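J.: The structure follows.
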Amino acid sequence: MIEHQASHPPAPERRTHSGRPANDRTITVRPATPSDLGLIVNLRLALVREHRANPIYERVRPDAPDRARRLFAAQLRSPDEVIFLAQRDEQVVGILRCVQAGGLPLLFPPTHGYISSVYVVPRARRQGVLRALLDAAIAWCVARDITELRLHNASDNAVANTVWEALGFHVVEHLRLRRLA
Ligand SMILES: CC(C)(COP(=O)(O)OP(=O)(O)OC[C@H]1O[C@@H](n2cnc3c(N)ncnc32)[C@H](O)[C@@H]1OP(=O)(O)O)[C@@H](O)C(=O)NCCC(=O)NCCS
């Protein structure tokens with residue numbers, strides 16, 4: 001488990017039943033387990049819903065929740081990827097998936113870390129949750145000798161464009177779409 005202290009100013013001190021200060025803003029990050037499947041489905045469907053104005057994400061299948069359960073259960077079993085969950089005040093507030101992906105056959109590096117499914121619940125945004133999730137993904141990649149991270153983000157997501165630039169991810173390709181039907 002990786003611990004991060006969020007940077008916003010502390011509120012007046014209160015105590016929980018466990019004796020821990022109620023204003024303890026520690027963010028902990030842990031790999032998800034199969035028992036987190038329901039949470040993962042909810043967070044990742046919320047992410048899709050937030051992108052519903054985008055030409056790719058507007059066409060959600062009616063049985064998406066069932067498909068999501070099957071797909072994410074398989075992802076949780078895969079040895080080549082990890083789903084990290086961020087918790088604060090004992091509640092899950094964010095998610096990030098990282099896959100060890102193969103590179104292009106003629107090019108270096110042979111493998112890279114591919115980040116997807118990044119979502120922080122609205123009430124926890126702008127408090128360092130994504131930074132904490134990304135730190136965990138970087139540690140996971142370094143432990144596997146992965147030297148590069150890649151990701152896609154929706155080009156109409158102004159916050160994501162700003163966030164990824166701020167975190168050192170620069171645009172190197174554009175995905176273009178032309179509908180034929
Ligand atoms: C994008 C998202 C994951 C960011 O998560 P977060 O936990 O709020 O991000 P952090 O607090 O760790 O911010 C990291 C840095 O990104 C930048 N940033 C974050 N939110 C920002 C915003 N709304 N506007 C401008 N910059 C922002 C800042 O540079 C910030 O560092 P700072 O707070 O030290 O200045 C979150 O807004 C979200 O879930 N959005 C909806 C889903 C989504 O768009 N996912 C991305 C798909 S690719």
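Residue numbering restarts at 1 for every chain of the structure tokens, chains are lettered A, B, ... in their displayed order, and ligands are numbered from 1 as they appear.
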Among the residues of range 34-137 of chain A, find those DSSP assigns to alpha helix (DSSP H) from the backbone and print them as a compact mmCIF listing (two decimals) with N, CA and C atoms, in the first residue's frame.
T.:
```
# COMPACT_ATOMS: atom_id res chain seq x y z
N LEU A 37 -14.92 -5.92 -7.55
CA LEU A 37 -15.49 -5.88 -8.90
C LEU A 37 -16.67 -4.91 -9.01
N GLY A 38 -17.60 -4.94 -8.07
CA GLY A 38 -18.77 -4.07 -8.14
C GLY A 38 -18.38 -2.59 -8.15
N LEU A 39 -17.43 -2.25 -7.30
CA LEU A 39 -16.92 -0.86 -7.24
C LEU A 39 -16.29 -0.44 -8.56
N ILE A 40 -15.50 -1.35 -9.11
CA ILE A 40 -14.79 -1.06 -10.37
C ILE A 40 -15.80 -0.82 -11.49
N VAL A 41 -16.83 -1.65 -11.54
CA VAL A 41 -17.87 -1.47 -12.57
C VAL A 41 -18.49 -0.09 -12.42
N ASN A 42 -18.85 0.29 -11.20
CA ASN A 42 -19.50 1.59 -10.98
C ASN A 42 -18.60 2.74 -11.39
N LEU A 43 -17.32 2.69 -11.00
CA LEU A 43 -16.41 3.79 -11.31
C LEU A 43 -16.17 3.90 -12.81
N ARG A 44 -16.01 2.75 -13.45
CA ARG A 44 -15.68 2.81 -14.89
C ARG A 44 -16.91 3.15 -15.74
N LEU A 45 -18.12 2.78 -15.29
CA LEU A 45 -19.31 3.22 -16.01
C LEU A 45 -19.54 4.72 -15.79
N ALA A 46 -19.20 5.21 -14.61
CA ALA A 46 -19.31 6.66 -14.35
C ALA A 46 -18.38 7.41 -15.29
N LEU A 47 -17.20 6.86 -15.51
CA LEU A 47 -16.24 7.48 -16.44
C LEU A 47 -16.82 7.55 -17.86
N VAL A 48 -17.43 6.44 -18.30
CA VAL A 48 -18.03 6.43 -19.65
C VAL A 48 -19.15 7.47 -19.71
N ARG A 49 -19.99 7.53 -18.66
CA ARG A 49 -21.10 8.50 -18.66
C ARG A 49 -20.59 9.93 -18.75
N GLU A 50 -19.46 10.23 -18.10
CA GLU A 50 -18.93 11.61 -18.15
C GLU A 50 -18.46 11.99 -19.55
N ALA A 64 -24.20 -2.86 -21.15
CA ALA A 64 -22.83 -2.50 -20.74
C ALA A 64 -22.49 -2.97 -19.31
N PRO A 65 -23.39 -2.85 -18.33
CA PRO A 65 -23.01 -3.30 -16.97
C PRO A 65 -22.66 -4.80 -16.92
N ASP A 66 -23.42 -5.64 -17.64
CA ASP A 66 -23.10 -7.08 -17.65
C ASP A 66 -21.78 -7.34 -18.33
N ARG A 67 -21.59 -6.69 -19.48
CA ARG A 67 -20.31 -6.83 -20.19
C ARG A 67 -19.15 -6.36 -19.32
N ALA A 68 -19.39 -5.26 -18.62
CA ALA A 68 -18.33 -4.68 -17.78
C ALA A 68 -17.92 -5.69 -16.70
N ARG A 69 -18.87 -6.34 -16.08
CA ARG A 69 -18.54 -7.30 -15.01
C ARG A 69 -17.65 -8.42 -15.55
N ARG A 70 -18.03 -8.95 -16.71
CA ARG A 70 -17.24 -10.06 -17.29
C ARG A 70 -15.84 -9.60 -17.68
N LEU A 71 -15.80 -8.45 -18.35
CA LEU A 71 -14.51 -7.93 -18.84
C LEU A 71 -13.57 -7.58 -17.68
N PHE A 72 -14.09 -6.88 -16.69
CA PHE A 72 -13.22 -6.42 -15.61
C PHE A 72 -12.81 -7.59 -14.71
N ALA A 73 -13.67 -8.59 -14.59
CA ALA A 73 -13.29 -9.79 -13.82
C ALA A 73 -12.08 -10.45 -14.49
N ALA A 74 -12.11 -10.51 -15.82
CA ALA A 74 -10.97 -11.10 -16.56
C ALA A 74 -9.72 -10.23 -16.38
N GLN A 75 -9.90 -8.92 -16.41
CA GLN A 75 -8.75 -8.03 -16.23
C GLN A 75 -8.12 -8.22 -14.84
N LEU A 76 -8.96 -8.43 -13.85
CA LEU A 76 -8.44 -8.63 -12.48
C LEU A 76 -7.63 -9.91 -12.37
N ARG A 77 -7.91 -10.87 -13.24
CA ARG A 77 -7.16 -12.15 -13.20
C ARG A 77 -5.87 -12.08 -14.01
N VAL A 129 -5.44 12.94 -5.90
CA VAL A 129 -5.77 11.50 -6.02
C VAL A 129 -5.13 10.91 -7.27
N LEU A 130 -5.27 11.60 -8.40
CA LEU A 130 -4.64 11.06 -9.62
C LEU A 130 -3.12 10.99 -9.46
N ARG A 131 -2.53 12.00 -8.86
CA ARG A 131 -1.06 11.94 -8.66
C ARG A 131 -0.69 10.68 -7.87
N ALA A 132 -1.47 10.37 -6.84
CA ALA A 132 -1.18 9.18 -6.02
C ALA A 132 -1.34 7.90 -6.83
N LEU A 133 -2.40 7.83 -7.64
CA LEU A 133 -2.62 6.65 -8.48
C LEU A 133 -1.48 6.50 -9.50
N LEU A 134 -1.08 7.62 -10.08
CA LEU A 134 -0.01 7.57 -11.08
C LEU A 134 1.31 7.13 -10.45
N ASP A 135 1.59 7.62 -9.25
CA ASP A 135 2.82 7.19 -8.56
C ASP A 135 2.83 5.66 -8.40
N ALA A 136 1.67 5.10 -8.04
CA ALA A 136 1.59 3.64 -7.86
C ALA A 136 1.83 2.93 -9.19
N ALA A 137 1.25 3.47 -10.27
CA ALA A 137 1.44 2.86 -11.59
C ALA A 137 2.91 2.93 -12.01
```
J.: Taking the backbone alone, and naming residues the way the document does, which bits of range 21-164 of chain A are strand (DSSP E) by DSSP, as a ChimeraX atom specification?
T.: /A:26-31,81-88,91-102,111-120,149-151
J.: Export, as an mmCIF file, in the first residue's frame, the selected residues with N, CA and C atoms.
T.:
```cif
data_model
loop_
_atom_site.group_PDB
_atom_site.id
_atom_site.type_symbol
_atom_site.label_atom_id
_atom_site.label_comp_id
_atom_site.auth_asym_id
_atom_site.auth_seq_id
_atom_site.Cartn_x
_atom_site.Cartn_y
_atom_site.Cartn_z
ATOM 1 N N THR A 26 -4.992 11.478 4.295
ATOM 2 C CA THR A 26 -4.088 10.538 3.662
ATOM 3 C C THR A 26 -4.805 9.780 2.548
ATOM 4 N N ILE A 27 -4.157 9.733 1.409
ATOM 5 C CA ILE A 27 -4.669 8.950 0.289
ATOM 6 C C ILE A 27 -3.863 7.661 0.256
ATOM 7 N N THR A 28 -4.543 6.532 0.298
ATOM 8 C CA THR A 28 -3.832 5.264 0.157
ATOM 9 C C THR A 28 -4.219 4.659 -1.185
ATOM 10 N N VAL A 29 -3.248 3.987 -1.784
ATOM 11 C CA VAL A 29 -3.480 3.350 -3.084
ATOM 12 C C VAL A 29 -3.162 1.875 -2.943
ATOM 13 N N ARG A 30 -4.055 1.039 -3.457
ATOM 14 C CA ARG A 30 -3.836 -0.412 -3.378
ATOM 15 C C ARG A 30 -4.301 -1.067 -4.671
ATOM 16 N N PRO A 31 -3.718 -2.227 -5.011
ATOM 17 C CA PRO A 31 -4.227 -2.968 -6.159
ATOM 18 C C PRO A 31 -5.615 -3.521 -5.834
ATOM 19 N N GLU A 81 -1.453 -6.898 -15.953
ATOM 20 C CA GLU A 81 -2.057 -5.596 -15.689
ATOM 21 C C GLU A 81 -2.460 -5.487 -14.231
ATOM 22 N N VAL A 82 -2.742 -4.237 -13.845
ATOM 23 C CA VAL A 82 -3.156 -3.989 -12.472
ATOM 24 C C VAL A 82 -4.202 -2.876 -12.493
ATOM 25 N N ILE A 83 -5.166 -2.985 -11.604
ATOM 26 C CA ILE A 83 -6.125 -1.902 -11.393
ATOM 27 C C ILE A 83 -5.841 -1.338 -10.009
ATOM 28 N N PHE A 84 -5.469 -0.061 -9.951
ATOM 29 C CA PHE A 84 -5.224 0.570 -8.652
ATOM 30 C C PHE A 84 -6.466 1.331 -8.197
ATOM 31 N N LEU A 85 -6.739 1.235 -6.907
ATOM 32 C CA LEU A 85 -7.829 2.001 -6.293
ATOM 33 C C LEU A 85 -7.231 2.947 -5.267
ATOM 34 N N ALA A 86 -7.703 4.186 -5.264
ATOM 35 C CA ALA A 86 -7.274 5.165 -4.254
ATOM 36 C C ALA A 86 -8.372 5.292 -3.212
ATOM 37 N N GLN A 87 -7.955 5.289 -1.957
ATOM 38 C CA GLN A 87 -8.911 5.409 -0.856
ATOM 39 C C GLN A 87 -8.573 6.610 0.006
ATOM 40 N N ARG A 88 -9.624 7.254 0.501
ATOM 41 C CA ARG A 88 -9.437 8.313 1.482
ATOM 42 C C ARG A 88 -10.589 8.207 2.466
ATOM 43 N N GLN A 91 -12.880 5.301 2.027
ATOM 44 C CA GLN A 91 -13.767 5.190 0.866
ATOM 45 C C GLN A 91 -12.940 5.218 -0.404
ATOM 46 N N VAL A 92 -13.335 4.404 -1.370
ATOM 47 C CA VAL A 92 -12.641 4.419 -2.658
ATOM 48 C C VAL A 92 -13.062 5.672 -3.418
ATOM 49 N N VAL A 93 -12.059 6.461 -3.842
ATOM 50 C CA VAL A 93 -12.353 7.738 -4.504
ATOM 51 C C VAL A 93 -11.740 7.828 -5.907
ATOM 52 N N GLY A 94 -10.981 6.821 -6.314
ATOM 53 C CA GLY A 94 -10.386 6.921 -7.644
ATOM 54 C C GLY A 94 -9.869 5.581 -8.133
ATOM 55 N N ILE A 95 -9.697 5.506 -9.454
ATOM 56 C CA ILE A 95 -9.270 4.259 -10.104
ATOM 57 C C ILE A 95 -8.327 4.577 -11.255
ATOM 58 N N LEU A 96 -7.402 3.662 -11.503
ATOM 59 C CA LEU A 96 -6.492 3.753 -12.659
ATOM 60 C C LEU A 96 -6.065 2.333 -13.014
ATOM 61 N N ARG A 97 -6.109 2.021 -14.294
ATOM 62 C CA ARG A 97 -5.673 0.693 -14.756
ATOM 63 C C ARG A 97 -4.370 0.863 -15.516
ATOM 64 N N CYS A 98 -3.434 -0.066 -15.327
ATOM 65 C CA CYS A 98 -2.170 -0.028 -16.063
ATOM 66 C C CYS A 98 -1.868 -1.420 -16.615
ATOM 67 N N VAL A 99 -1.605 -1.463 -17.915
ATOM 68 C CA VAL A 99 -1.365 -2.731 -18.611
ATOM 69 C C VAL A 99 0.056 -2.728 -19.152
ATOM 70 N N GLN A 100 0.756 -3.849 -19.018
ATOM 71 C CA GLN A 100 2.045 -3.994 -19.697
ATOM 72 C C GLN A 100 1.739 -4.372 -21.146
ATOM 73 N N ALA A 101 1.907 -3.398 -22.056
ATOM 74 C CA ALA A 101 1.486 -3.587 -23.451
ATOM 75 C C ALA A 101 2.695 -3.790 -24.345
ATOM 76 N N GLY A 102 2.515 -4.560 -25.416
ATOM 77 C CA GLY A 102 3.596 -4.788 -26.377
ATOM 78 C C GLY A 102 3.784 -3.567 -27.274
ATOM 79 N N THR A 111 8.144 -2.910 -24.941
ATOM 80 C CA THR A 111 6.946 -2.932 -24.099
ATOM 81 C C THR A 111 6.805 -1.573 -23.410
ATOM 82 N N HIS A 112 5.566 -1.226 -23.082
ATOM 83 C CA HIS A 112 5.354 0.026 -22.337
ATOM 84 C C HIS A 112 4.167 -0.145 -21.392
ATOM 85 N N GLY A 113 4.039 0.772 -20.471
ATOM 86 C CA GLY A 113 2.882 0.760 -19.578
ATOM 87 C C GLY A 113 1.772 1.572 -20.215
ATOM 88 N N TYR A 114 0.588 0.967 -20.370
ATOM 89 C CA TYR A 114 -0.542 1.674 -20.965
ATOM 90 C C TYR A 114 -1.573 1.962 -19.874
ATOM 91 N N ILE A 115 -1.865 3.247 -19.708
ATOM 92 C CA ILE A 115 -2.769 3.679 -18.640
ATOM 93 C C ILE A 115 -4.160 3.914 -19.200
ATOM 94 N N SER A 116 -5.168 3.430 -18.500
ATOM 95 C CA SER A 116 -6.551 3.674 -18.938
ATOM 96 C C SER A 116 -7.464 3.712 -17.718
ATOM 97 N N SER A 117 -8.751 3.951 -17.997
ATOM 98 C CA SER A 117 -9.798 3.874 -16.958
ATOM 99 C C SER A 117 -9.486 4.762 -15.763
ATOM 100 N N VAL A 118 -9.073 5.979 -16.053
ATOM 101 C CA VAL A 118 -8.699 6.896 -14.970
ATOM 102 C C VAL A 118 -9.927 7.713 -14.569
ATOM 103 N N TYR A 119 -10.310 7.588 -13.310
ATOM 104 C CA TYR A 119 -11.504 8.307 -12.840
ATOM 105 C C TYR A 119 -11.360 8.608 -11.355
ATOM 106 N N VAL A 120 -11.653 9.866 -11.018
ATOM 107 C CA VAL A 120 -11.689 10.275 -9.603
ATOM 108 C C VAL A 120 -13.090 10.815 -9.332
ATOM 109 N N LEU A 149 5.505 5.243 -20.389
ATOM 110 C CA LEU A 149 4.050 5.178 -20.184
ATOM 111 C C LEU A 149 3.354 5.823 -21.374
ATOM 112 N N ARG A 150 2.206 5.261 -21.753
ATOM 113 C CA ARG A 150 1.389 5.851 -22.815
ATOM 114 C C ARG A 150 -0.071 5.835 -22.375
ATOM 115 N N LEU A 151 -0.875 6.691 -22.983
ATOM 116 C CA LEU A 151 -2.313 6.679 -22.728
ATOM 117 C C LEU A 151 -3.034 7.430 -23.835
#
```
J.: With distances taken over only C-alpha atoms and all ligand atoms, which residue among A:Trp140, A:Trp164, A:Phe169, A:Phe108 lies nearest ligand 1?
T.: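 Selected residue with least distance to ligand 1: A:Trp164.
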J.: In Å to one decimal, how far is CA of Asn157 in chain A from atom 47 (C, counted along the ligand's line) of ligand 1?
T.: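 It comes out at 7.8 Å.
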J.: Work out how far atom 23 (N, counted along the ligand's line) of ligand 1 is from CA of Arg59 in chain A, in Å to one decimal.
T.: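 Taking CA of Arg59 in chain A and atom 23 (N, counted along the ligand's line) of ligand 1, their separation equals 25.5 Å.
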J.: Nearest to ligand 1 among A:Val159, A:Pro105, A:Val60, A:Ala139, with distances taken over only C-alpha atoms and all ligand atoms: which residue is it?
T.: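 Closest to ligand 1, using only C-alpha atoms and all ligand atoms: A:Val159.
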J.: Kindly indicate which residue among A:Ala181, A:Ile138, A:Ala166, A:Val172 lies nearest to ligand 1, using only C-alpha atoms and all ligand atoms for the distances.
T.: A:Ala166
J.: Check the smallest atom-to-atom distance from each of A:Glu165, A:Glu90, A:Glu58, A:Asp63 to ligand 1 using only C-alpha atoms and all ligand atoms, then report the winner.
T.: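 Among A:Glu165, A:Glu90, A:Glu58, A:Asp63, it is A:Glu165 that comes nearest to ligand 1.
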J.: Have a look at CA of His174 in chain A and atom 46 (C, counted along the ligand's line) of ligand 1 and let me know their distance in Å, one decimal.
T.: 16.3 Å
